[in-house]
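Asks: I'd like to ask some things about the structure below.
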Amino acid sequence: MGKYTYSDGTTPNICIIGAGFSGLTAAIKLKKDLKISSFQVFDENTDVGGTWLVNTYPGCACDIESHLYSWSFEPNPNWSKVFSPHDEIWEYMRGVTRKYDLYNHIKFNSKVLQIQWEEDIRQWRVTFLNKATNEEKQLLFDLVINGPGALRLPNYPKEFDAFTGPKIHTAEWDSTIELENKVVGIIGSGASAVQVITDIAPKVKELHSFQRKPAWITPRGQKDISENMKWVFRVFPIALWLYRCCLFLLNEMLHSIFIYNSWLNKAGHRYLQHFMRSQLPKDDPKVDLLMPNYTLGCKRIVRSSEYYPTLALSHVTVIRDKIIEIKDDIIRTEDGKSTKLDVLILATGFQVQNYFDPLKIIGRDGRNIIDTWKTDIPRTYYGIATSMTPNNFILHGPNTALGHNTVVFMIECQANFVMNVIKEMIQRNARCVSVKSSAEDEFLEVVKEKLKKSVWALGNCGSWYTNSHGVVTTIWPFTCIKYWAQTRKLDNSKFIYY
């Protein structure tokens, strides 16, 4: 297929926000599928990678298999492990960026502050800050693709401001703070906490794990990829493709574990209880402390085969009692115990429900859609388009996150959908496109009905999947295959082109 152009030979001027998996996918698809190069990528960091550039905490790795957590159109036969570490994923992303010559399209150290729809000229006014010069600038674009990422804004609970000793958030790791032979406390029980604990425990003098709700832990079959296997994948790409398909389908088969009270959920519950007991000494009191008291899958299931043995070490403690006071470098809990720490690590996650904050997206009615989403619910069509913002698309938006498979697949589906919309615009010679509010209503109703039977809605665990109103706004409740089937073709009756 040749280059897509309007009747006058021009192509739309496109702004892409973010240079992580989402933004890079959009940029590659524009060049590869539409032969469009009139786009600019803005990223506030110094290189590509998004969360894989920023997150550098000890043990940082992906909990989805490497051959699956990668672009389908750029398979990598040279992954070193089944689950790759942070630096290997980042280098893979940099290599793909170089291959498609995207660095020339990216403005680094450029933080987009606001995008505002100008109805009279049918363009987006993009305001961004050059972090190097502290200078604000504005540019006009025909289309905007938002891909800043969901795991971006660190969550800092205010109660820990009172801690006066050295303090680190896993999302903003400070490698200059020494941990060796120190008394270290860590807040949280999610994936980053699990990875940090297993990595630093052998180095520290004492490790105190403060957990409100322990995670469900499933074994992680980590192993090195042999040189022979790498050779097979390089020489016979079909073998790599088949391996990736098998991984994908195996993960898809686990989706029903998230249906509340399903047989797979009950079986998984029993299996993971048995796994935990098999990993800890029989009479270890930590067994009771680490047994989750909420439905499996309600919070993100964490993969690790080293976590429980690490927590069983004599110099590691698990504290479930509520923190009632923090004074200087001491944390006091409801059981009356005080723990003096040399260093405090916050593995307290991200402000997922804040979406694009602090970026302001001012739509056609002059309102910031983020403010609307916070007071109500995010109104989108497949998490990609919203009626409030013409010529604006979202990658990895509301109700598109997963609990069972690779989000890179979802991002590719969304990018393909956006490319189809842009193609349709150009073929119609239309300068604007907007999804109908009725299409949003239909989509949200289907998602709402499916979620009623899910562990996320019924599990009562207070996860980041739900907003302040208790509505699940982040998760796609169906399989990835269903998302692909419903987004692979464009239903133009859901859109207005003008």
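Letters A, B, ... mark the chains of the structure tokens in the order given; residue numbers begin at 1 per chain; ligand numbers begin at 1, in order shown.
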If DSSP is run on the backbone, what residues of range 263-351 of chain A are helix (DSSP H, G or I)? A reply as a PyMOL selection string would be ideal.

Replies: chain A and resi 263-279+286-290+307-311

Asks: To test your reading of the structure, identify every residue in range 86-307 of chain A that backbone DSSP assigns to strand (DSSP E), and report it as a PDB file with N, CA and C atoms, in the first residue's frame.

Replies:
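Listing of selection22.pdb after writing:
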ATOM      1  N   ILE A 106      11.534  12.469  17.741  1.00  0.00           N
ATOM      2  CA  ILE A 106      11.229  12.594  19.165  1.00  0.00           C
ATOM      3  C   ILE A 106      11.860  13.840  19.762  1.00  0.00           C
ATOM      4  N   LYS A 107      11.036  14.606  20.483  1.00  0.00           N
ATOM      5  CA  LYS A 107      11.526  15.724  21.280  1.00  0.00           C
ATOM      6  C   LYS A 107      11.644  15.249  22.726  1.00  0.00           C
ATOM      7  N   SER A 110      10.805  17.142  26.840  1.00  0.00           N
ATOM      8  CA  SER A 110       9.682  17.997  26.430  1.00  0.00           C
ATOM      9  C   SER A 110       8.403  17.470  27.071  1.00  0.00           C
ATOM     10  N   LYS A 111       7.966  18.158  28.084  1.00  0.00           N
ATOM     11  CA  LYS A 111       6.792  17.736  28.851  1.00  0.00           C
ATOM     12  C   LYS A 111       5.550  18.460  28.345  1.00  0.00           C
ATOM     13  N   VAL A 112       4.593  17.714  27.802  1.00  0.00           N
ATOM     14  CA  VAL A 112       3.363  18.332  27.321  1.00  0.00           C
ATOM     15  C   VAL A 112       2.504  18.713  28.528  1.00  0.00           C
ATOM     16  N   LEU A 113       2.182  19.990  28.621  1.00  0.00           N
ATOM     17  CA  LEU A 113       1.413  20.510  29.756  1.00  0.00           C
ATOM     18  C   LEU A 113      -0.084  20.530  29.481  1.00  0.00           C
ATOM     19  N   GLN A 114      -0.432  20.872  28.228  1.00  0.00           N
ATOM     20  CA  GLN A 114      -1.852  21.008  27.893  1.00  0.00           C
ATOM     21  C   GLN A 114      -2.051  20.822  26.398  1.00  0.00           C
ATOM     22  N   ILE A 115      -3.163  20.177  26.060  1.00  0.00           N
ATOM     23  CA  ILE A 115      -3.609  20.182  24.663  1.00  0.00           C
ATOM     24  C   ILE A 115      -5.034  20.735  24.654  1.00  0.00           C
ATOM     25  N   GLN A 116      -5.304  21.639  23.767  1.00  0.00           N
ATOM     26  CA  GLN A 116      -6.619  22.308  23.723  1.00  0.00           C
ATOM     27  C   GLN A 116      -7.161  22.292  22.299  1.00  0.00           C
ATOM     28  N   TRP A 117      -8.405  21.833  22.181  1.00  0.00           N
ATOM     29  CA  TRP A 117      -9.046  21.754  20.878  1.00  0.00           C
ATOM     30  C   TRP A 117      -9.534  23.123  20.442  1.00  0.00           C
ATOM     31  N   GLU A 118      -9.101  23.557  19.268  1.00  0.00           N
ATOM     32  CA  GLU A 118      -9.525  24.837  18.699  1.00  0.00           C
ATOM     33  C   GLU A 118     -10.526  24.540  17.582  1.00  0.00           C
ATOM     34  N   GLN A 123      -8.010  22.166  14.995  1.00  0.00           N
ATOM     35  CA  GLN A 123      -6.675  21.668  15.334  1.00  0.00           C
ATOM     36  C   GLN A 123      -6.489  21.667  16.859  1.00  0.00           C
ATOM     37  N   TRP A 124      -5.462  20.937  17.276  1.00  0.00           N
ATOM     38  CA  TRP A 124      -5.089  20.910  18.689  1.00  0.00           C
ATOM     39  C   TRP A 124      -3.915  21.850  18.922  1.00  0.00           C
ATOM     40  N   ARG A 125      -4.086  22.711  19.935  1.00  0.00           N
ATOM     41  CA  ARG A 125      -2.988  23.589  20.353  1.00  0.00           C
ATOM     42  C   ARG A 125      -2.240  22.881  21.479  1.00  0.00           C
ATOM     43  N   VAL A 126      -1.006  22.485  21.208  1.00  0.00           N
ATOM     44  CA  VAL A 126      -0.218  21.714  22.167  1.00  0.00           C
ATOM     45  C   VAL A 126       0.796  22.622  22.854  1.00  0.00           C
ATOM     46  N   THR A 127       0.685  22.703  24.178  1.00  0.00           N
ATOM     47  CA  THR A 127       1.621  23.497  24.973  1.00  0.00           C
ATOM     48  C   THR A 127       2.582  22.548  25.681  1.00  0.00           C
ATOM     49  N   PHE A 128       3.881  22.755  25.471  1.00  0.00           N
ATOM     50  CA  PHE A 128       4.855  21.868  26.105  1.00  0.00           C
ATOM     51  C   PHE A 128       5.993  22.670  26.719  1.00  0.00           C
ATOM     52  N   LEU A 129       6.623  22.057  27.699  1.00  0.00           N
ATOM     53  CA  LEU A 129       7.729  22.690  28.425  1.00  0.00           C
ATOM     54  C   LEU A 129       9.037  22.028  28.030  1.00  0.00           C
ATOM     55  N   ASN A 130       9.982  22.846  27.592  1.00  0.00           N
ATOM     56  CA  ASN A 130      11.343  22.363  27.367  1.00  0.00           C
ATOM     57  C   ASN A 130      12.035  22.326  28.725  1.00  0.00           C
ATOM     58  N   GLU A 135      11.492  26.661  29.090  1.00  0.00           N
ATOM     59  CA  GLU A 135      10.733  27.531  28.194  1.00  0.00           C
ATOM     60  C   GLU A 135       9.483  26.804  27.696  1.00  0.00           C
ATOM     61  N   GLU A 136       8.340  27.506  27.743  1.00  0.00           N
ATOM     62  CA  GLU A 136       7.095  26.938  27.230  1.00  0.00           C
ATOM     63  C   GLU A 136       6.909  27.336  25.762  1.00  0.00           C
ATOM     64  N   LYS A 137       6.427  26.391  24.981  1.00  0.00           N
ATOM     65  CA  LYS A 137       6.156  26.656  23.571  1.00  0.00           C
ATOM     66  C   LYS A 137       4.807  26.069  23.193  1.00  0.00           C
ATOM     67  N   GLN A 138       4.275  26.524  22.055  1.00  0.00           N
ATOM     68  CA  GLN A 138       3.010  26.007  21.544  1.00  0.00           C
ATOM     69  C   GLN A 138       3.161  25.631  20.076  1.00  0.00           C
ATOM     70  N   LEU A 139       2.515  24.522  19.716  1.00  0.00           N
ATOM     71  CA  LEU A 139       2.474  24.081  18.334  1.00  0.00           C
ATOM     72  C   LEU A 139       1.067  23.611  18.006  1.00  0.00           C
ATOM     73  N   LEU A 140       0.701  23.663  16.725  1.00  0.00           N
ATOM     74  CA  LEU A 140      -0.615  23.203  16.285  1.00  0.00           C
ATOM     75  C   LEU A 140      -0.487  21.856  15.578  1.00  0.00           C
ATOM     76  N   PHE A 141      -1.439  20.960  15.891  1.00  0.00           N
ATOM     77  CA  PHE A 141      -1.462  19.637  15.268  1.00  0.00           C
ATOM     78  C   PHE A 141      -2.885  19.295  14.855  1.00  0.00           C
ATOM     79  N   LEU A 143      -3.983  16.021  14.635  1.00  0.00           N
ATOM     80  CA  LEU A 143      -4.384  14.863  15.432  1.00  0.00           C
ATOM     81  C   LEU A 143      -3.438  14.710  16.621  1.00  0.00           C
ATOM     82  N   VAL A 144      -3.966  14.130  17.710  1.00  0.00           N
ATOM     83  CA  VAL A 144      -3.141  13.824  18.878  1.00  0.00           C
ATOM     84  C   VAL A 144      -3.367  12.370  19.266  1.00  0.00           C
ATOM     85  N   ILE A 145      -2.279  11.658  19.517  1.00  0.00           N
ATOM     86  CA  ILE A 145      -2.335  10.291  20.036  1.00  0.00           C
ATOM     87  C   ILE A 145      -1.682  10.299  21.406  1.00  0.00           C
ATOM     88  N   ASN A 146      -2.470  10.008  22.424  1.00  0.00           N
ATOM     89  CA  ASN A 146      -1.979  10.038  23.808  1.00  0.00           C
ATOM     90  C   ASN A 146      -1.494   8.659  24.225  1.00  0.00           C
ATOM     91  N   LYS A 167      14.692   7.917  52.236  1.00  0.00           N
ATOM     92  CA  LYS A 167      13.414   7.370  51.772  1.00  0.00           C
ATOM     93  C   LYS A 167      13.455   7.286  50.254  1.00  0.00           C
ATOM     94  N   ILE A 168      12.988   6.157  49.690  1.00  0.00           N
ATOM     95  CA  ILE A 168      13.009   5.947  48.242  1.00  0.00           C
ATOM     96  C   ILE A 168      11.666   5.380  47.795  1.00  0.00           C
ATOM     97  N   HIS A 169      11.155   5.887  46.677  1.00  0.00           N
ATOM     98  CA  HIS A 169      10.016   5.245  46.020  1.00  0.00           C
ATOM     99  C   HIS A 169      10.575   4.357  44.911  1.00  0.00           C
ATOM    100  N   VAL A 183      19.227  -1.499  58.227  1.00  0.00           N
ATOM    101  CA  VAL A 183      17.892  -1.929  58.643  1.00  0.00           C
ATOM    102  C   VAL A 183      16.900  -1.231  57.716  1.00  0.00           C
ATOM    103  N   VAL A 184      16.218  -2.016  56.892  1.00  0.00           N
ATOM    104  CA  VAL A 184      15.391  -1.460  55.817  1.00  0.00           C
ATOM    105  C   VAL A 184      13.931  -1.843  56.034  1.00  0.00           C
ATOM    106  N   GLY A 185      13.039  -0.879  55.834  1.00  0.00           N
ATOM    107  CA  GLY A 185      11.603  -1.141  55.834  1.00  0.00           C
ATOM    108  C   GLY A 185      11.054  -0.927  54.444  1.00  0.00           C
ATOM    109  N   ILE A 186      10.096  -1.743  54.051  1.00  0.00           N
ATOM    110  CA  ILE A 186       9.462  -1.574  52.745  1.00  0.00           C
ATOM    111  C   ILE A 186       7.952  -1.618  52.906  1.00  0.00           C
ATOM    112  N   ILE A 187       7.293  -0.643  52.305  1.00  0.00           N
ATOM    113  CA  ILE A 187       5.838  -0.523  52.372  1.00  0.00           C
ATOM    114  C   ILE A 187       5.246  -1.041  51.071  1.00  0.00           C
ATOM    115  N   GLU A 206      18.619  -6.103  58.349  1.00  0.00           N
ATOM    116  CA  GLU A 206      17.253  -6.512  58.674  1.00  0.00           C
ATOM    117  C   GLU A 206      16.331  -5.969  57.590  1.00  0.00           C
ATOM    118  N   LEU A 207      15.253  -6.716  57.325  1.00  0.00           N
ATOM    119  CA  LEU A 207      14.261  -6.260  56.358  1.00  0.00           C
ATOM    120  C   LEU A 207      12.884  -6.426  56.976  1.00  0.00           C
ATOM    121  N   HIS A 208      12.136  -5.321  57.047  1.00  0.00           N
ATOM    122  CA  HIS A 208      10.799  -5.329  57.637  1.00  0.00           C
ATOM    123  C   HIS A 208       9.783  -4.994  56.548  1.00  0.00           C
ATOM    124  N   SER A 209       8.931  -5.966  56.238  1.00  0.00           N
ATOM    125  CA  SER A 209       7.932  -5.808  55.186  1.00  0.00           C
ATOM    126  C   SER A 209       6.588  -5.441  55.802  1.00  0.00           C
ATOM    127  N   PHE A 210       6.152  -4.188  55.568  1.00  0.00           N
ATOM    128  CA  PHE A 210       4.864  -3.707  56.074  1.00  0.00           C
ATOM    129  C   PHE A 210       3.806  -3.932  54.989  1.00  0.00           C
ATOM    130  N   ILE A 217       0.496 -15.014  45.307  1.00  0.00           N
ATOM    131  CA  ILE A 217       1.749 -15.259  44.596  1.00  0.00           C
ATOM    132  C   ILE A 217       1.646 -16.567  43.821  1.00  0.00           C
ATOM    133  N   THR A 218       2.006 -16.523  42.558  1.00  0.00           N
ATOM    134  CA  THR A 218       2.034 -17.725  41.723  1.00  0.00           C
ATOM    135  C   THR A 218       3.471 -17.992  41.298  1.00  0.00           C
ATOM    136  N   VAL A 302       0.837 -11.808  41.577  1.00  0.00           N
ATOM    137  CA  VAL A 302       2.263 -11.558  41.383  1.00  0.00           C
ATOM    138  C   VAL A 302       2.989 -12.884  41.157  1.00  0.00           C
ATOM    139  N   ARG A 303       3.910 -12.885  40.203  1.00  0.00           N
ATOM    140  CA  ARG A 303       4.691 -14.074  39.908  1.00  0.00           C
ATOM    141  C   ARG A 303       6.045 -14.027  40.616  1.00  0.00           C
TER     142      ARG A 303
END

Asks: Using only C-alpha atoms, what table do you get, as a Markdown table, when you list each residue of range 377-487 of chain A with an atom no more than 12 Å from range 36-50 of chain A, its nearest pair of atoms, and their distance in Å rounded to one decimal, rows by chain then rising number?

Replies:
| residue | atom | partner | partner_atom | distance |
| --- | --- | --- | --- | --- |
| A:Met419 | CA | A:Ile36 | CA | 10.4 |
| A:Ile422 | CA | A:Ile36 | CA | 10.5 |
| A:Lys423 | CA | A:Ile36 | CA | 10.6 |
| A:Ile426 | CA | A:Ile36 | CA | 11.5 |

Asks: What's around Asn265 in chain A at 10 Å? Count only C-alpha atoms, leave out sequence neighbours fewer than 6 positions away in its own chain, and write the answer as a ChimeraX atom specification.

Replies: /A:254-259,271,295-297,455
